[in-house]
Amino acid sequence: MVEHDAFGATREAYDAAAPLYAQMFRGELRDRPLDRAMLSVFAEAVGESGNGRVADLGCGPGHVTAHLAESGLAAFGVDASPAMIGLARGAYPGLRFDVGSMAALGIADGVLGGVLSRWSVIHTPPQELPVVLGEFHRVLAPGGHLLIGFSASDDPSHPTQVFDHAVAPAYRWWPDHLAVMLRTSGLAEVARMVREPRPTDRRQFREIHLLARKAG
Ligand SMILES: C[S@@+](CC[C@H](N)C(=O)[O-])C[C@H]1O[C@@H](n2cnc3c(N)ncnc32)[C@H](O)[C@@H]1O
């Protein structure tokens with residue numbers, strides 16, 4: 001019931017915020033060379049596996065899905081919010097976007113070379129995170145890669161911190177804590193990028209991109 005309520009609340013909040021979110025963030029990668037670098041590392045790792053099928057989970061308005069597709073990957077997006085999916089389909093008509101839940105993906109076992117989750121697990125309540133990470137692991141092929149982006153907690157003694165997000169309740173994670181949760185789910189850390197906040201950033205949190213791999 002808690003899971004359902006959190007999911008429904010997040011979906012409704014992003015439905016209401018979708019046009020403004022798309023307007024604010026669609027061009028953001030232009031100003032984020034470090035994010036682009038990690039997406040490029042991810043794309044290369046996935047490409048090397050020979051399976052370029054990648055899901056962008058919690059894809060929002062689809063701009064990062066499109067960036068991955070431009071890198072040569074067979075990328076598609078999934079999001080809880082029908083309004084976000086509508087905007088993504090409108091902006092990128094050549095790509096596939098589906099409404100869905102990261103906790104119960106309509107994707108077969110072991111078929112993806114990569115999963116991207118960029119600032120989508122921030123809305124997953126801590127008690128639900130193992131289910132979501134289990135889904136990421138389930139849909140990846142052996143040797144497949146996960147790139148997960150999230151905001152970092154400041155305090156290892158509080159590995160999960162609630163933060164005041166403009167759209168929906170959100171959590172930030174101590175990076176080592178999340179890395180252990182990934183490992184427990186069968187996803188071993190390969191590398192991580194820690195980006196210090198810039199003075200102009202709306203939120204003064206460290207941002208983490210963590211690349212992990214499913215054994216195989
Ligand atoms: C902060 S936005 C990030 C959007 C995009 N990944 C980006 O990098 O701009 C979070 C997105 O995750 C989606 N989301 C959150 N929880 C989800 C869930 N359990 N299943 C599917 N999508 C979810 C929201 O609807 C929203 O579009």
# chains A, B, ... in the order shown; residues from 1 in each chain; ligands from 1
>>> residues_around(residues="segment 208-215 of chain A", least_positions_apart="3", cutoff="8 Å", atoms="only C-alpha atoms", output="PyMOL selection string")
chain A and resi 35+38+42+137+140-152+175+179+182+186-195
>>> residues_near_ligand(ligand="ligand 1", cutoff="8 Å", atoms="only C-alpha atoms and all ligand atoms", output="PyMOL selection string")
chain A and resi 7+10-11+13-15+18+25-26+56-64+78-81+84+99-103+117-124+132
>>> write_last_selection(atoms="C-alpha atoms", output="compact mmCIF listing (two decimals), in the first residue's frame")
# COMPACT_ATOMS: atom_id res chain seq x y z
CA PHE A 7 4.12 5.57 -6.94
CA THR A 10 4.92 10.60 -7.89
CA ARG A 11 3.04 9.92 -11.12
CA ALA A 13 3.04 15.13 -9.38
CA TYR A 14 5.08 14.57 -12.57
CA ASP A 15 1.93 14.64 -14.69
CA ALA A 18 5.70 17.66 -17.02
CA PHE A 25 15.63 20.22 -18.43
CA ARG A 26 15.42 19.21 -22.08
CA ASP A 56 16.03 4.65 -19.79
CA LEU A 57 13.93 4.04 -16.69
CA GLY A 58 12.20 7.12 -15.31
CA CYS A 59 13.00 8.80 -18.61
CA GLY A 60 10.95 11.97 -18.03
CA PRO A 61 10.60 13.97 -21.26
CA GLY A 62 13.00 11.64 -23.11
CA HIS A 63 15.97 13.94 -23.79
CA VAL A 64 18.50 11.50 -22.31
CA VAL A 78 9.81 4.07 -19.55
CA ASP A 79 8.19 6.48 -17.11
CA ALA A 80 5.44 6.45 -14.49
CA SER A 81 3.93 9.67 -15.82
CA MET A 84 5.96 12.79 -19.51
CA VAL A 99 4.25 4.20 -19.36
CA GLY A 100 5.41 1.82 -16.63
CA SER A 101 6.78 1.27 -13.15
CA MET A 102 10.40 0.59 -12.30
CA ALA A 103 9.17 -1.77 -9.58
CA SER A 117 18.24 5.33 -14.17
CA ARG A 118 19.01 9.03 -14.02
CA TRP A 119 17.51 10.79 -10.99
CA SER A 120 14.54 8.42 -10.98
CA VAL A 121 15.34 6.27 -7.90
CA ILE A 122 15.45 9.50 -5.90
CA HIS A 123 11.66 9.11 -5.69
CA THR A 124 11.77 5.47 -4.58
CA VAL A 132 13.56 -1.66 -7.99
>>> select_by_dssp(residues="segment 4-83 of chain A", states="strand (DSSP E or B)", output="list of chain:residue names")
A:Arg53, A:Val54, A:Ala55, A:Asp56, A:Leu57, A:Ala74, A:Ala75, A:Phe76, A:Gly77, A:Val78, A:Asp79
>>> residues_around(residues="Ala69 of chain A", least_positions_apart="3", cutoff="12 Å", atoms="only C-alpha atoms", output="list in words")
Leu39, Ser40, Ala43, Gly47, Gly52, Arg53, Val54, Ala55, Asp56, Gly62, His63, Val64, Thr65, Ala66, Gly72, Leu73, Ala74, Ala75, Phe76, Gly77, Tyr92, Gly94, Leu95 and Arg96 of chain A
>>> write_last_selection(atoms="N, CA, C and O atoms", output="tab-separated table (two decimals), in the first residue's frame")
chain	number	residue	atom	x	y	z
A	39	LEU	N	27.67	9.23	-19.62
A	39	LEU	CA	26.76	8.60	-20.60
A	39	LEU	C	27.55	7.98	-21.74
A	39	LEU	O	27.21	6.91	-22.25
A	40	SER	N	28.65	8.65	-22.10
A	40	SER	CA	29.49	8.13	-23.18
A	40	SER	C	30.22	6.85	-22.75
A	40	SER	O	30.29	5.87	-23.50
A	43	ALA	N	27.62	4.18	-22.77
A	43	ALA	CA	27.28	3.76	-24.15
A	43	ALA	C	28.37	2.86	-24.72
A	43	ALA	O	28.08	1.86	-25.39
A	47	GLY	N	27.89	-0.93	-25.76
A	47	GLY	CA	28.19	-1.28	-27.15
A	47	GLY	C	29.17	-2.45	-27.24
A	47	GLY	O	29.01	-3.34	-28.07
A	52	GLY	N	23.04	-3.71	-27.76
A	52	GLY	CA	22.85	-2.27	-27.59
A	52	GLY	C	21.47	-1.88	-27.13
A	52	GLY	O	21.10	-0.70	-27.15
A	53	ARG	N	20.66	-2.85	-26.67
A	53	ARG	CA	19.30	-2.53	-26.24
A	53	ARG	C	19.34	-1.95	-24.82
A	53	ARG	O	19.82	-2.61	-23.88
A	54	VAL	N	18.87	-0.72	-24.69
A	54	VAL	CA	18.99	0.01	-23.42
A	54	VAL	C	17.65	0.63	-23.03
A	54	VAL	O	16.99	1.26	-23.86
A	55	ALA	N	17.27	0.47	-21.75
A	55	ALA	CA	16.07	1.13	-21.23
A	55	ALA	C	16.48	2.31	-20.36
A	55	ALA	O	17.33	2.17	-19.47
A	56	ASP	N	15.87	3.46	-20.63
A	56	ASP	CA	16.03	4.65	-19.79
A	56	ASP	C	14.82	4.67	-18.87
A	56	ASP	O	13.70	5.00	-19.30
A	62	GLY	N	12.36	12.45	-22.07
A	62	GLY	CA	13.00	11.64	-23.11
A	62	GLY	C	14.29	12.19	-23.69
A	62	GLY	O	14.87	11.57	-24.59
A	63	HIS	N	14.78	13.33	-23.17
A	63	HIS	CA	15.97	13.94	-23.79
A	63	HIS	C	17.22	13.07	-23.62
A	63	HIS	O	18.08	13.05	-24.51
A	64	VAL	N	17.31	12.34	-22.51
A	64	VAL	CA	18.50	11.50	-22.31
A	64	VAL	C	18.37	10.20	-23.11
A	64	VAL	O	19.36	9.70	-23.66
A	65	THR	N	17.15	9.71	-23.23
A	65	THR	CA	16.91	8.56	-24.12
A	65	THR	C	17.38	8.91	-25.54
A	65	THR	O	18.06	8.11	-26.20
A	66	ALA	N	17.01	10.12	-25.98
A	66	ALA	CA	17.40	10.55	-27.34
A	66	ALA	C	18.91	10.68	-27.45
A	66	ALA	O	19.51	10.32	-28.48
A	72	GLY	N	24.13	5.69	-30.76
A	72	GLY	CA	24.10	4.44	-31.51
A	72	GLY	C	23.42	3.30	-30.78
A	72	GLY	O	23.40	2.17	-31.27
A	73	LEU	N	22.86	3.57	-29.59
A	73	LEU	CA	22.20	2.50	-28.84
A	73	LEU	C	20.73	2.39	-29.25
A	73	LEU	O	20.12	3.38	-29.67
A	74	ALA	N	20.18	1.21	-29.10
A	74	ALA	CA	18.75	1.00	-29.34
A	74	ALA	C	18.02	1.34	-28.04
A	74	ALA	O	17.66	0.46	-27.25
A	75	ALA	N	17.87	2.64	-27.80
A	75	ALA	CA	17.36	3.11	-26.51
A	75	ALA	C	15.85	3.34	-26.56
A	75	ALA	O	15.32	3.83	-27.56
A	76	PHE	N	15.19	2.98	-25.47
A	76	PHE	CA	13.77	3.31	-25.31
A	76	PHE	C	13.54	3.77	-23.87
A	76	PHE	O	14.38	3.53	-23.00
A	77	GLY	N	12.43	4.48	-23.66
A	77	GLY	CA	12.18	5.06	-22.35
A	77	GLY	C	10.93	4.51	-21.69
A	77	GLY	O	9.98	4.11	-22.37
A	92	TYR	N	10.27	13.08	-29.74
A	92	TYR	CA	11.17	12.10	-30.38
A	92	TYR	C	10.32	10.99	-31.00
A	92	TYR	O	10.29	9.85	-30.50
A	94	GLY	N	10.58	9.07	-33.39
A	94	GLY	CA	11.25	7.86	-33.89
A	94	GLY	C	11.62	6.89	-32.78
A	94	GLY	O	12.10	5.77	-33.07
A	95	LEU	N	11.42	7.28	-31.52
A	95	LEU	CA	11.83	6.42	-30.41
A	95	LEU	C	10.61	5.85	-29.69
A	95	LEU	O	9.52	6.42	-29.76
A	96	ARG	N	10.85	4.77	-28.97
A	96	ARG	CA	9.75	4.13	-28.23
A	96	ARG	C	9.74	4.60	-26.77
A	96	ARG	O	10.79	4.61	-26.11
>>> closest_residue(among="A:Asp176, A:Asp109, A:Glu207, A:Glu135", to="Leu34 of chain A", atoms="only C-alpha atoms")
A:Glu207
